[in-house]
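Novice: Next comes my_file.pdb, PDB, C-alpha atoms (C1' of nucleotides):
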ATOM      1  CA  MET Q   1     191.853  -8.006  -7.523
ATOM      2  CA  GLN Q   2     195.393  -8.350  -8.776
ATOM      3  CA  SER Q   3     197.707  -5.424  -9.340
ATOM      4  CA  GLY Q   4     198.407  -6.011 -12.993
ATOM      5  CA  THR Q   5     200.665  -3.002 -12.950
ATOM      6  CA  HIS Q   6     203.717  -5.207 -12.579
ATOM      7  CA  THR Q   7     203.744  -8.922 -13.300
ATOM      8  CA  HIS Q   8     207.463  -9.228 -13.874
ATOM      9  CA  VAL Q   9     209.897 -11.022 -11.602
ATOM     10  CA  PRO Q  10     210.589  -9.100  -8.374
ATOM     11  CA  SER Q  11     213.702  -7.050  -8.094
ATOM     12  CA  MET Q  12     215.753  -7.259  -4.924
ATOM     13  CA  VAL Q  13     214.480 -10.594  -3.701
ATOM     14  CA  SER Q  14     216.674 -12.295  -6.232
ATOM     15  CA  ALA Q  15     219.353  -9.673  -6.100
ATOM     16  CA  ALA Q  16     219.821 -10.050  -2.365
ATOM     17  CA  LEU Q  17     220.294 -13.789  -2.670
ATOM     18  CA  PRO Q  18     223.065 -15.045  -4.957
ATOM     19  CA  ASP Q  19     222.334 -18.393  -6.541
ATOM     20  CA  PRO Q  20     224.591 -20.606  -4.487
ATOM     21  CA  VAL Q  21     223.751 -19.309  -1.020
ATOM     22  CA  PRO Q  22     226.830 -19.665   1.177
ATOM     23  CA  ALA Q  23     226.490 -19.980   4.945
ATOM     24  CA  GLU Q  24     227.721 -16.467   5.612
ATOM     25  CA  GLU Q  25     225.297 -14.891   3.141
ATOM     26  CA  TYR Q  26     222.378 -16.587   4.828
ATOM     27  CA  GLU Q  27     223.286 -15.404   8.314
ATOM     28  CA  ARG Q  28     223.176 -11.746   7.399
ATOM     29  CA  CYS Q  29     220.454 -11.784   4.744
ATOM     30  CA  PRO Q  30     218.262  -8.747   5.499
ATOM     31  CA  VAL Q  31     215.165 -10.399   4.099
ATOM     32  CA  THR Q  32     215.497 -13.452   6.295
ATOM     33  CA  ASP Q  33     216.395 -11.270   9.227
ATOM     34  CA  VAL Q  34     213.295  -9.089   8.897
ATOM     35  CA  LEU Q  35     211.044 -12.066   8.246
ATOM     36  CA  HIS Q  36     212.238 -13.780  11.396
ATOM     37  CA  ARG Q  37     211.462 -10.699  13.437
ATOM     38  CA  VAL Q  38     208.075  -9.951  11.981
ATOM     39  CA  GLY Q  39     207.248 -13.636  11.602
ATOM     40  CA  ASP Q  40     207.092 -14.403  15.303
ATOM     41  CA  LYS Q  41     203.844 -14.938  17.109
ATOM     42  CA  TRP Q  42     202.891 -11.394  18.085
ATOM     43  CA  SER Q  43     204.981  -8.756  16.261
ATOM     44  CA  ILE Q  44     202.783  -8.072  13.234
ATOM     45  CA  LEU Q  45     199.700  -7.909  15.398
ATOM     46  CA  ILE Q  46     201.298  -5.298  17.634
ATOM     47  CA  VAL Q  47     202.698  -3.324  14.706
ATOM     48  CA  VAL Q  48     199.279  -3.251  13.096
ATOM     49  CA  LEU Q  49     197.566  -2.117  16.304
ATOM     50  CA  LEU Q  50     200.162   0.595  16.834
ATOM     51  CA  GLY Q  51     199.658   1.523  13.190
ATOM     52  CA  LYS Q  52     196.162   2.679  14.041
ATOM     53  CA  ARG Q  53     197.198   4.860  16.964
ATOM     54  CA  PRO Q  54     199.563   4.889  19.961
ATOM     55  CA  HIS Q  55     198.660   2.506  22.755
ATOM     56  CA  ARG Q  56     199.460   2.222  26.425
ATOM     57  CA  TYR Q  57     200.783  -1.030  27.810
ATOM     58  CA  ASN Q  58     197.605  -2.365  29.354
ATOM     59  CA  GLU Q  59     195.652  -1.073  26.405
ATOM     60  CA  LEU Q  60     197.644  -3.436  24.198
ATOM     61  CA  HIS Q  61     197.283  -6.169  26.788
ATOM     62  CA  ARG Q  62     193.508  -5.855  26.795
ATOM     63  CA  GLY Q  63     193.517  -5.345  23.029
ATOM     64  CA  ILE Q  64     195.113  -8.659  22.241
ATOM     65  CA  ALA Q  65     193.371 -10.840  24.800
ATOM     66  CA  THR Q  66     195.479 -13.997  24.601
ATOM     67  CA  ILE Q  67     198.979 -12.573  24.924
ATOM     68  CA  SER Q  68     200.838 -13.002  28.203
ATOM     69  CA  GLN Q  69     202.482 -10.056  29.932
ATOM     70  CA  ARG Q  70     205.816 -11.692  29.428
ATOM     71  CA  MET Q  71     205.450 -11.977  25.651
ATOM     72  CA  LEU Q  72     203.911  -8.528  25.287
ATOM     73  CA  THR Q  73     206.878  -6.982  27.055
ATOM     74  CA  ARG Q  74     209.433  -9.115  25.222
ATOM     75  CA  THR Q  75     207.920  -8.364  21.816
ATOM     76  CA  LEU Q  76     207.693  -4.631  22.522
ATOM     77  CA  ARG Q  77     211.314  -4.627  23.683
ATOM     78  CA  ALA Q  78     212.409  -6.393  20.513
ATOM     79  CA  LEU Q  79     210.487  -3.991  18.287
ATOM     80  CA  GLU Q  80     211.945  -1.098  20.263
ATOM     81  CA  ALA Q  81     215.464  -2.482  19.903
ATOM     82  CA  ASP Q  82     214.972  -2.676  16.138
ATOM     83  CA  GLY Q  83     213.856   0.936  16.055
ATOM     84  CA  LEU Q  84     210.323   0.126  14.921
ATOM     85  CA  VAL Q  85     208.554   1.182  18.103
ATOM     86  CA  HIS Q  86     209.108   4.110  20.425
ATOM     87  CA  ARG Q  87     208.456   3.830  24.155
ATOM     88  CA  GLU Q  88     207.698   6.943  26.160
ATOM     89  CA  VAL Q  89     207.228   7.135  29.912
ATOM     90  CA  PHE Q  90     204.991   9.806  31.375
ATOM     91  CA  PRO Q  91     205.782  10.531  35.038
ATOM     92  CA  THR Q  92     202.161  10.563  36.089
ATOM     93  CA  ASN Q  93     200.707   8.849  39.112
ATOM     94  CA  PRO Q  94     200.078   6.046  38.506
ATOM     95  CA  PRO Q  95     202.770   5.934  35.808
ATOM     96  CA  SER Q  96     201.749   5.585  32.180
ATOM     97  CA  VAL Q  97     203.795   4.295  29.255
ATOM     98  CA  GLU Q  98     202.922   4.960  25.667
ATOM     99  CA  TYR Q  99     204.054   2.903  22.691
ATOM    100  CA  ARG Q 100     203.920   4.226  19.172
ATOM    101  CA  LEU Q 101     205.447   3.380  15.806
ATOM    102  CA  THR Q 102     208.574   5.214  14.761
ATOM    103  CA  PRO Q 103     208.780   6.554  11.185
ATOM    104  CA  LEU Q 104     210.711   3.376  10.381
ATOM    105  CA  GLY Q 105     207.944   1.286  11.903
ATOM    106  CA  ARG Q 106     205.312   3.174   9.936
ATOM    107  CA  SER Q 107     207.246   2.634   6.722
ATOM    108  CA  LEU Q 108     207.049  -1.095   7.385
ATOM    109  CA  LEU Q 109     203.253  -0.948   7.255
ATOM    110  CA  THR Q 110     203.349  -0.391   3.500
ATOM    111  CA  PRO Q 111     205.130  -3.588   2.397
ATOM    112  CA  LEU Q 112     203.394  -5.443   5.206
ATOM    113  CA  SER Q 113     200.048  -4.441   3.747
ATOM    114  CA  ALA Q 114     201.077  -5.849   0.376
ATOM    115  CA  LEU Q 115     201.738  -9.193   2.025
ATOM    116  CA  ALA Q 116     198.545  -8.889   4.061
ATOM    117  CA  ASP Q 117     196.518  -8.248   0.931
ATOM    118  CA  TRP Q 118     198.088 -11.285  -0.696
ATOM    119  CA  ALA Q 119     197.357 -13.387   2.367
ATOM    120  CA  VAL Q 120     193.730 -12.320   2.500
ATOM    121  CA  ALA Q 121     193.283 -12.809  -1.240
ATOM    122  CA  HIS Q 122     194.909 -16.239  -1.493
ATOM    123  CA  HIS Q 123     194.116 -17.796   1.855
ATOM    124  CA  PRO Q 124     191.252 -19.823   0.388
ATOM    125  CA  GLU Q 125     193.614 -21.371  -2.176
ATOM    126  CA  ILE Q 126     196.103 -22.247   0.544
ATOM    127  CA  GLU Q 127     193.405 -23.815   2.693
ATOM    128  CA  ALA Q 128     192.183 -25.791  -0.303
ATOM    129  CA  ALA Q 129     195.697 -27.028  -1.059
ATOM    130  CA  ARG Q 130     196.163 -28.103   2.549
ATOM    131  CA  ALA Q 131     192.885 -29.974   2.531
ATOM    132  CA  GLU Q 132     194.014 -31.951  -0.526
ATOM    133  CA  HIS Q 133     197.355 -32.900   0.918
ATOM    134  CA  LEU Q 134     196.092 -34.023   4.311
ATOM    135  CA  PRO Q 135     194.881 -37.459   3.130
ATOM    136  CA  VAL Q 136     198.355 -38.500   1.945
ATOM    137  CA  GLN Q 137     200.095 -36.937   4.912
ATOM    138  CA  ASN Q 138     201.717 -40.097   6.267
ATOM    139  CA  GLU Q 139     202.155 -42.007   3.034
ATOM    140  CA  PRO Q 140     205.676 -42.862   1.926
ATOM    141  CA  ARG Q 141     206.619 -40.945  -1.248
ATOM    142  CA  GLN Q 142     207.522 -42.802  -4.385
TER     143      GLN Q 142
ATOM    144  CA  MET I   1     213.570   8.127  -0.390
ATOM    145  CA  GLN I   2     210.028   7.139   0.393
ATOM    146  CA  SER I   3     207.321   6.346  -2.108
ATOM    147  CA  GLY I   4     205.206   9.386  -1.449
ATOM    148  CA  THR I   5     202.536   7.986  -3.739
ATOM    149  CA  HIS I   6     200.593   6.753  -0.733
ATOM    150  CA  THR I   7     201.403   7.688   2.830
ATOM    151  CA  HIS I   8     198.022   6.708   4.200
ATOM    152  CA  VAL I   9     197.373   3.730   6.434
ATOM    153  CA  PRO I  10     197.468   0.421   4.535
ATOM    154  CA  SER I  11     194.240  -1.216   3.541
ATOM    155  CA  MET I  12     193.583  -4.762   4.604
ATOM    156  CA  VAL I  13     196.154  -4.977   7.361
ATOM    157  CA  SER I  14     193.905  -2.927   9.567
ATOM    158  CA  ALA I  15     190.736  -4.219   8.024
ATOM    159  CA  ALA I  16     191.650  -7.822   8.797
ATOM    160  CA  LEU I  17     192.322  -6.981  12.421
ATOM    161  CA  PRO I  18     189.576  -5.335  14.477
ATOM    162  CA  ASP I  19     190.818  -3.145  17.288
ATOM    163  CA  PRO I  20     190.121  -5.378  20.246
ATOM    164  CA  VAL I  21     191.546  -8.608  18.880
ATOM    165  CA  PRO I  22     189.628 -11.527  20.375
ATOM    166  CA  ALA I  23     191.242 -14.927  20.733
ATOM    167  CA  GLU I  24     189.270 -16.496  17.878
ATOM    168  CA  GLU I  25     190.118 -13.720  15.436
ATOM    169  CA  TYR I  26     193.801 -14.210  16.065
ATOM    170  CA  GLU I  27     193.745 -17.955  15.506
ATOM    171  CA  ARG I  28     192.390 -17.715  11.974
ATOM    172  CA  CYS I  29     193.995 -14.464  10.837
ATOM    173  CA  PRO I  30     195.297 -15.115   7.295
ATOM    174  CA  VAL I  31     198.094 -12.600   7.692
ATOM    175  CA  THR I  32     199.463 -14.254  10.795
ATOM    176  CA  ASP I  33     199.002 -17.652   9.212
ATOM    177  CA  VAL I  34     200.999 -16.755   6.110
ATOM    178  CA  LEU I  35     203.660 -14.958   8.117
ATOM    179  CA  HIS I  36     204.191 -18.007  10.299
ATOM    180  CA  ARG I  37     204.669 -20.193   7.261
ATOM    181  CA  VAL I  38     206.949 -17.913   5.328
ATOM    182  CA  GLY I  39     208.643 -16.664   8.495
ATOM    183  CA  ASP I  40     210.261 -19.961   9.386
ATOM    184  CA  LYS I  41     213.938 -20.549   8.988
ATOM    185  CA  TRP I  42     214.145 -21.717   5.374
ATOM    186  CA  SER I  43     210.907 -21.111   3.444
ATOM    187  CA  ILE I  44     211.588 -17.693   1.914
ATOM    188  CA  LEU I  45     215.065 -18.737   0.883
ATOM    189  CA  ILE I  46     213.685 -21.756  -0.961
ATOM    190  CA  VAL I  47     210.831 -19.780  -2.512
ATOM    191  CA  VAL I  48     213.282 -17.185  -3.781
ATOM    192  CA  LEU I  49     215.620 -19.806  -5.242
ATOM    193  CA  LEU I  50     212.723 -21.567  -6.940
ATOM    194  CA  GLY I  51     211.593 -18.158  -8.155
ATOM    195  CA  LYS I  52     214.683 -18.001 -10.341
ATOM    196  CA  ARG I  53     214.168 -21.422 -11.918
ATOM    197  CA  PRO I  54     213.126 -24.974 -11.036
ATOM    198  CA  HIS I  55     215.623 -26.899  -8.953
ATOM    199  CA  ARG I  56     216.299 -30.537  -8.222
ATOM    200  CA  TYR I  57     216.573 -31.736  -4.646
ATOM    201  CA  ASN I  58     220.331 -31.912  -4.343
ATOM    202  CA  GLU I  59     220.624 -28.743  -6.357
ATOM    203  CA  LEU I  60     218.738 -26.962  -3.572
ATOM    204  CA  HIS I  61     220.767 -28.822  -0.999
ATOM    205  CA  ARG I  62     224.035 -27.661  -2.507
ATOM    206  CA  GLY I  63     222.549 -24.234  -3.162
ATOM    207  CA  ILE I  64     221.781 -23.513   0.460
ATOM    208  CA  ALA I  65     224.867 -24.991   2.090
ATOM    209  CA  THR I  66     223.826 -24.981   5.750
ATOM    210  CA  ILE I  67     220.425 -26.648   5.532
ATOM    211  CA  SER I  68     220.114 -30.246   6.684
ATOM    212  CA  GLN I  69     218.464 -32.849   4.478
ATOM    213  CA  ARG I  70     215.766 -33.200   7.090
ATOM    214  CA  MET I  71     214.817 -29.531   7.089
ATOM    215  CA  LEU I  72     215.043 -29.219   3.316
ATOM    216  CA  THR I  73     212.603 -32.075   2.894
ATOM    217  CA  ARG I  74     210.275 -30.859   5.642
ATOM    218  CA  THR I  75     210.186 -27.299   4.298
ATOM    219  CA  LEU I  76     209.558 -28.473   0.746
ATOM    220  CA  ARG I  77     206.733 -30.722   1.954
ATOM    221  CA  ALA I  78     205.165 -27.821   3.851
ATOM    222  CA  LEU I  79     205.389 -25.519   0.837
ATOM    223  CA  GLU I  80     203.953 -28.272  -1.321
ATOM    224  CA  ALA I  81     201.073 -28.828   1.113
ATOM    225  CA  ASP I  82     200.263 -25.132   0.962
ATOM    226  CA  GLY I  83     200.173 -25.265  -2.821
ATOM    227  CA  LEU I  84     203.153 -22.962  -3.263
ATOM    228  CA  VAL I  85     205.541 -25.531  -4.683
ATOM    229  CA  HIS I  86     205.036 -28.355  -7.159
ATOM    230  CA  ARG I  87     207.017 -31.591  -6.919
ATOM    231  CA  GLU I  88     207.532 -33.703  -9.999
ATOM    232  CA  VAL I  89     209.242 -37.082 -10.144
ATOM    233  CA  PHE I  90     210.973 -38.151 -13.315
ATOM    234  CA  PRO I  91     211.369 -41.945 -13.553
ATOM    235  CA  THR I  92     214.956 -41.783 -14.707
ATOM    236  CA  ASN I  93     217.812 -43.829 -13.349
ATOM    237  CA  PRO I  94     218.972 -42.597 -10.969
ATOM    238  CA  PRO I  95     215.662 -40.917 -10.137
ATOM    239  CA  SER I  96     215.375 -37.161 -10.354
ATOM    240  CA  VAL I  97     212.869 -34.894  -8.635
ATOM    241  CA  GLU I  98     212.178 -31.373  -9.722
ATOM    242  CA  TYR I  99     210.698 -28.643  -7.549
ATOM    243  CA  ARG I 100     209.161 -25.528  -9.014
ATOM    244  CA  LEU I 101     206.847 -22.760  -7.888
ATOM    245  CA  THR I 102     203.161 -23.081  -8.653
ATOM    246  CA  PRO I 103     201.317 -20.030 -10.023
ATOM    247  CA  LEU I 104     200.231 -19.365  -6.436
ATOM    248  CA  GLY I 105     203.856 -19.557  -5.317
ATOM    249  CA  ARG I 106     204.935 -17.203  -8.064
ATOM    250  CA  SER I 107     202.241 -14.723  -7.084
ATOM    251  CA  LEU I 108     203.738 -14.664  -3.597
ATOM    252  CA  LEU I 109     207.011 -13.367  -5.026
ATOM    253  CA  THR I 110     205.438  -9.987  -5.716
ATOM    254  CA  PRO I 111     204.440  -8.976  -2.166
ATOM    255  CA  LEU I 112     207.513 -10.774  -0.879
ATOM    256  CA  SER I 113     209.672  -8.542  -3.040
ATOM    257  CA  ALA I 114     208.035  -5.473  -1.544
ATOM    258  CA  LEU I 115     209.034  -6.673   1.886
ATOM    259  CA  ALA I 116     212.456  -7.674   0.597
ATOM    260  CA  ASP I 117     212.999  -4.235  -0.879
ATOM    261  CA  TRP I 118     212.006  -2.675   2.428
ATOM    262  CA  ALA I 119     214.341  -5.003   4.300
ATOM    263  CA  VAL I 120     217.272  -4.229   2.036
ATOM    264  CA  ALA I 121     216.589  -0.505   2.142
ATOM    265  CA  HIS I 122     216.125  -0.197   5.892
ATOM    266  CA  HIS I 123     218.437  -2.863   7.258
ATOM    267  CA  PRO I 124     221.134  -0.312   8.056
ATOM    268  CA  GLU I 125     218.666   1.654  10.204
ATOM    269  CA  ILE I 126     217.632  -1.509  12.023
ATOM    270  CA  GLU I 127     221.230  -2.488  12.643
ATOM    271  CA  ALA I 128     221.950   1.002  13.921
ATOM    272  CA  ALA I 129     218.968   0.895  16.263
ATOM    273  CA  ARG I 130     220.087  -2.488  17.602
ATOM    274  CA  ALA I 131     223.574  -1.212  18.211
ATOM    275  CA  GLU I 132     222.188   1.644  20.295
ATOM    276  CA  HIS I 133     220.005  -0.575  22.422
ATOM    277  CA  LEU I 134     222.615  -3.210  23.155
ATOM    278  CA  PRO I 135     224.406  -1.212  25.888
ATOM    279  CA  VAL I 136     221.266  -0.984  28.042
ATOM    280  CA  GLN I 137     220.198  -4.533  27.297
ATOM    281  CA  ASN I 138     220.241  -5.774  30.882
ATOM    282  CA  GLU I 139     219.405  -2.563  32.670
ATOM    283  CA  PRO I 140     216.182  -2.399  34.646
ATOM    284  CA  ARG I 141     213.690   0.013  33.071
ATOM    285  CA  GLN I 142     212.456   2.977  35.007
TER     286      GLN I 142
ATOM    287  C1'  DC F   1     200.025   0.712  36.214
ATOM    288  C1'  DG F   2     203.631  -1.463  34.031
ATOM    289  C1'  DG F   3     206.294  -4.343  34.494
ATOM    290  C1'  DT F   4     210.234  -8.794  36.413
ATOM    291  C1'  DA F   5     211.606 -13.356  37.816
ATOM    292  C1'  DT F   6     211.107 -18.435  37.605
ATOM    293  C1'  DC F   7     209.910 -22.558  36.041
ATOM    294  C1'  DC F   8     208.421 -25.614  32.513
ATOM    295  C1'  DC F   9     206.605 -27.566  28.364
ATOM    296  C1'  DA F  10     205.928 -28.208  23.314
ATOM    297  C1'  DG F  11     207.523 -27.540  19.075
ATOM    298  C1'  DT F  12     211.474 -26.649  15.934
ATOM    299  C1'  DT F  13     215.975 -27.558  14.366
ATOM    300  C1'  DG F  14     220.268 -30.148  13.914
ATOM    301  C1'  DA F  15     223.513 -34.366  13.730
ATOM    302  C1'  DT F  16     224.061 -38.739  12.438
ATOM    303  C1'  DA F  17     223.111 -42.926  10.357
ATOM    304  C1'  DC F  18     220.725 -45.621   7.083
ATOM    305  C1'  DT F  19     217.880 -46.856   2.382
ATOM    306  C1'  DG F  20     215.176 -47.886  -2.245
TER     307       DG F  20
ATOM    308  C1'  DC L   1     219.826 -39.338  -6.218
ATOM    309  C1'  DA L   2     216.454 -38.324  -3.068
ATOM    310  C1'  DG L   3     215.189 -39.141   0.552
ATOM    311  C1'  DT L   4     213.745 -41.600   6.077
ATOM    312  C1'  DA L   5     214.548 -42.612  10.928
ATOM    313  C1'  DT L   6     216.098 -41.632  15.401
ATOM    314  C1'  DC L   7     217.742 -39.013  18.927
ATOM    315  C1'  DA L   8     219.533 -34.861  21.191
ATOM    316  C1'  DA L   9     219.732 -29.801  21.710
ATOM    317  C1'  DC L  10     217.781 -25.420  21.486
ATOM    318  C1'  DT L  11     214.202 -22.002  21.720
ATOM    319  C1'  DG L  12     209.704 -19.719  21.775
ATOM    320  C1'  DG L  13     206.042 -19.280  24.440
ATOM    321  C1'  DG L  14     202.850 -19.742  28.494
ATOM    322  C1'  DA L  15     201.637 -19.990  33.763
ATOM    323  C1'  DT L  16     202.349 -18.207  37.890
ATOM    324  C1'  DA L  17     203.998 -15.276  41.338
ATOM    325  C1'  DC L  18     205.977 -11.103  42.782
ATOM    326  C1'  DC L  19     207.619  -5.814  42.613
ATOM    327  C1'  DG L  20     208.434  -0.331  42.376
TER     328       DG L  20
END
Since I need it in another form, could you write the structure as structure tokens?
Specialist:
Amino acid sequence: MQSGTHTHVPSMVSAALPDPVPAEEYERCPVTDVLHRVGDKWSILIVVLLGKRPHRYNELHRGIATISQRMLTRTLRALEADGLVHREVFPTNPPSVEYRLTPLGRSLLTPLSALADWAVAHHPEIEAARAEHLPVQNEPRQ
Amino acid sequence: MQSGTHTHVPSMVSAALPDPVPAEEYERCPVTDVLHRVGDKWSILIVVLLGKRPHRYNELHRGIATISQRMLTRTLRALEADGLVHREVFPTNPPSVEYRLTPLGRSLLTPLSALADWAVAHHPEIEAARAEHLPVQNEPRQ
DNA sequence: CGGTATCCCAGTTGATACTG
DNA sequence: CAGTATCAACTGGGATACCG
């Protein structure tokens, strides 16, 4: 279940990061920046849900089950600020607000799916590795 | 400047996440799990550096510039526990320790590069979107 | 319905000092 | 060289209550 179409060393990952990484380079590294955004507790989940279809606020709230209103709002605001999600208010009564992915947000689904596929495929190996390292967790290293 | 080869909805991202996401599903989601690991402050940076070639401890320390010894060690231990990085001690004097990616770690470089390419390509759009949303940052929403 | 405003805790990160 | 130990600071996230 591996691609096989390209097994060579990735392109821009290395290119974006010069060998000695100075402090300034790190701060503005796009890769790190994006990973920090998408790597928080709820962003990917929301992006994936919105990838299926637009959702209203409480629809997302019910959809995720364990997220607090505070974090749902904060995460949506952050995604909106980054231009990944569009928020539209319909002046109905009661008011309704719809969230949907922007074209930029939809374009993120593609590389995200590559990582998701990797995660699904290799999660057993990771779990196995963790299980092996647990026994020596608190041992001093030689 | 988009791929065009596949504009459909990604495969396993949706598949791994059923529409109403119950609490238990979230906890064990491989995608979220991997993203949390790789999404921390230093992991990707280290993985990318080790993707170029093996590095010794202080070589990484000098290479990254702003990382503390504590966080370098902790991040390396975490990557090692997940089976992404291999640590080898050479009994020289003074001692030397070499870190390199495992095959699993190297396989992560491929999907990571897809995300990295996306990040590099679309970072300007993200920055632009942020710049537009900053002025209304503290305004109450209608 | 779709949010804000507070308060608070747990976990993450950093600074500094010390060691086999 | 390759780390550990300790403490302090910062931040993400949750609980609860309230609002237009």
Novice: Just want the 9 Å neighbourhood of His123 (chain Q), counted on only C-alpha atoms (C1' of nucleotides), with same-chain residues fewer than 2 positions away dropped. Output as JSON, numbers by chain.
Specialist: {"Q": [118, 119, 120, 121, 125, 126, 127, 128], "I": [30, 31, 33, 34]}
Novice: Could I get the residues of chain Q with an atom no further than 8 Å from an atom of chain F, each paired with its nearest atom pair and that distance in Å to one decimal, using only C-alpha atoms (C1' of nucleotides), sorted by chain and residue number, as JSON lines?
Specialist:
{"residue": "Q:Tyr57", "atom": "CA", "partner": "F:DG2", "partner_atom": "C1'", "distance": 6.9}
{"residue": "Q:Asn58", "atom": "CA", "partner": "F:DG2", "partner_atom": "C1'", "distance": 7.7}
{"residue": "Q:Thr73", "atom": "CA", "partner": "F:DG3", "partner_atom": "C1'", "distance": 7.9}
{"residue": "Q:Pro94", "atom": "CA", "partner": "F:DC1", "partner_atom": "C1'", "distance": 5.8}
{"residue": "Q:Pro95", "atom": "CA", "partner": "F:DC1", "partner_atom": "C1'", "distance": 5.9}
{"residue": "Q:Ser96", "atom": "CA", "partner": "F:DC1", "partner_atom": "C1'", "distance": 6.6}
{"residue": "Q:Val97", "atom": "CA", "partner": "F:DG2", "partner_atom": "C1'", "distance": 7.5}
Novice: Just C-alpha atoms for this one: save the residues we selected as a short mmCIF file (atom, residue, chain, number, x, y, z; two decimals), in the coordinates of the input.
Specialist:
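The file below, again-v6.cif, is the result:
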data_model
loop_
_atom_site.label_atom_id
_atom_site.label_comp_id
_atom_site.auth_asym_id
_atom_site.auth_seq_id
_atom_site.Cartn_x
_atom_site.Cartn_y
_atom_site.Cartn_z
CA TYR Q 57 200.78 -1.03 27.81
CA ASN Q 58 197.60 -2.37 29.35
CA THR Q 73 206.88 -6.98 27.06
CA PRO Q 94 200.08 6.05 38.51
CA PRO Q 95 202.77 5.93 35.81
CA SER Q 96 201.75 5.58 32.18
CA VAL Q 97 203.80 4.30 29.26
#
Novice: Looking at all atoms listed in the file, which of Q:Arg106, Q:Arg37, Q:Arg56, Q:Arg130 is the one that sits closest to chain I?
Specialist: Q:Arg130
Novice: One decimal, Å: what's the distance from CA of Pro22 (chain Q) over to CA of Leu45 (chain I), could you say?
Specialist: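 Taking CA of Pro22 (chain Q) and CA of Leu45 (chain I), their separation equals 11.8 Å.
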Novice: For Ala116 (chain I), which of Q:Leu104, Q:Val85, Q:Leu35, Q:Ile46 is the closest residue, counting all atoms listed in the file?
Specialist: Q:Leu35
Novice: I need the chain L residues near chain I as a ChimeraX atom specification; criterion: at most 12 Å, counting only C-alpha atoms (C1' of nucleotides).
Specialist: /L:1-6,20
Novice: Pick out the closest residue to chain I from this set: Q:Arg100, Q:Pro91, Q:Val21, Q:Ser107. Count all atoms listed in the file.
Specialist: Q:Val21
Novice: Name every residue that the PyMOL selection byres ((chain Q and resi 110-114) around 6) selects in this structure, writing the answer as number ranges by chain with chains first and numbers rising.
Specialist: Q: 107-109, 115-117; I: 10, 13, 111, 114-115
Novice: Because some atoms of region 121-131 of chain I are absent here, can you restore N, CA, C and O atoms and send them as a short mmCIF file (atom, residue, chain, number, x, y, z; two decimals), keeping the file's coordinate frame?
Specialist:
data_model
loop_
_atom_site.label_atom_id
_atom_site.label_comp_id
_atom_site.auth_asym_id
_atom_site.auth_seq_id
_atom_site.Cartn_x
_atom_site.Cartn_y
_atom_site.Cartn_z
N ALA I 121 216.45 -1.96 2.03
CA ALA I 121 216.59 -0.50 2.14
C ALA I 121 216.80 -0.05 3.58
O ALA I 121 217.56 0.89 3.84
N HIS I 122 216.11 -0.71 4.53
CA HIS I 122 216.12 -0.20 5.89
C HIS I 122 216.97 -1.00 6.87
O HIS I 122 217.01 -0.69 8.06
N HIS I 123 217.63 -2.05 6.36
CA HIS I 123 218.44 -2.86 7.26
C HIS I 123 219.50 -2.07 8.00
O HIS I 123 219.72 -2.30 9.19
N PRO I 124 220.15 -1.13 7.33
CA PRO I 124 221.13 -0.31 8.06
C PRO I 124 220.52 0.41 9.25
O PRO I 124 221.12 0.46 10.33
N GLU I 125 219.33 0.96 9.09
CA GLU I 125 218.67 1.65 10.20
C GLU I 125 218.37 0.69 11.35
O GLU I 125 218.52 1.04 12.52
N ILE I 126 217.93 -0.51 10.99
CA ILE I 126 217.63 -1.51 12.02
C ILE I 126 218.90 -1.89 12.78
O ILE I 126 218.91 -1.93 14.01
N GLU I 127 219.95 -2.13 12.02
CA GLU I 127 221.23 -2.49 12.64
C GLU I 127 221.71 -1.38 13.57
O GLU I 127 222.19 -1.63 14.68
N ALA I 128 221.53 -0.14 13.11
CA ALA I 128 221.95 1.00 13.92
C ALA I 128 221.14 1.07 15.21
O ALA I 128 221.68 1.29 16.30
N ALA I 129 219.83 0.86 15.09
CA ALA I 129 218.97 0.90 16.26
C ALA I 129 219.36 -0.21 17.25
O ALA I 129 219.42 0.02 18.46
N ARG I 130 219.67 -1.38 16.74
CA ARG I 130 220.09 -2.49 17.60
C ARG I 130 221.37 -2.15 18.34
O ARG I 130 221.51 -2.43 19.53
N ALA I 131 222.29 -1.56 17.61
CA ALA I 131 223.57 -1.21 18.21
C ALA I 131 223.39 -0.24 19.37
O ALA I 131 224.06 -0.34 20.40
#
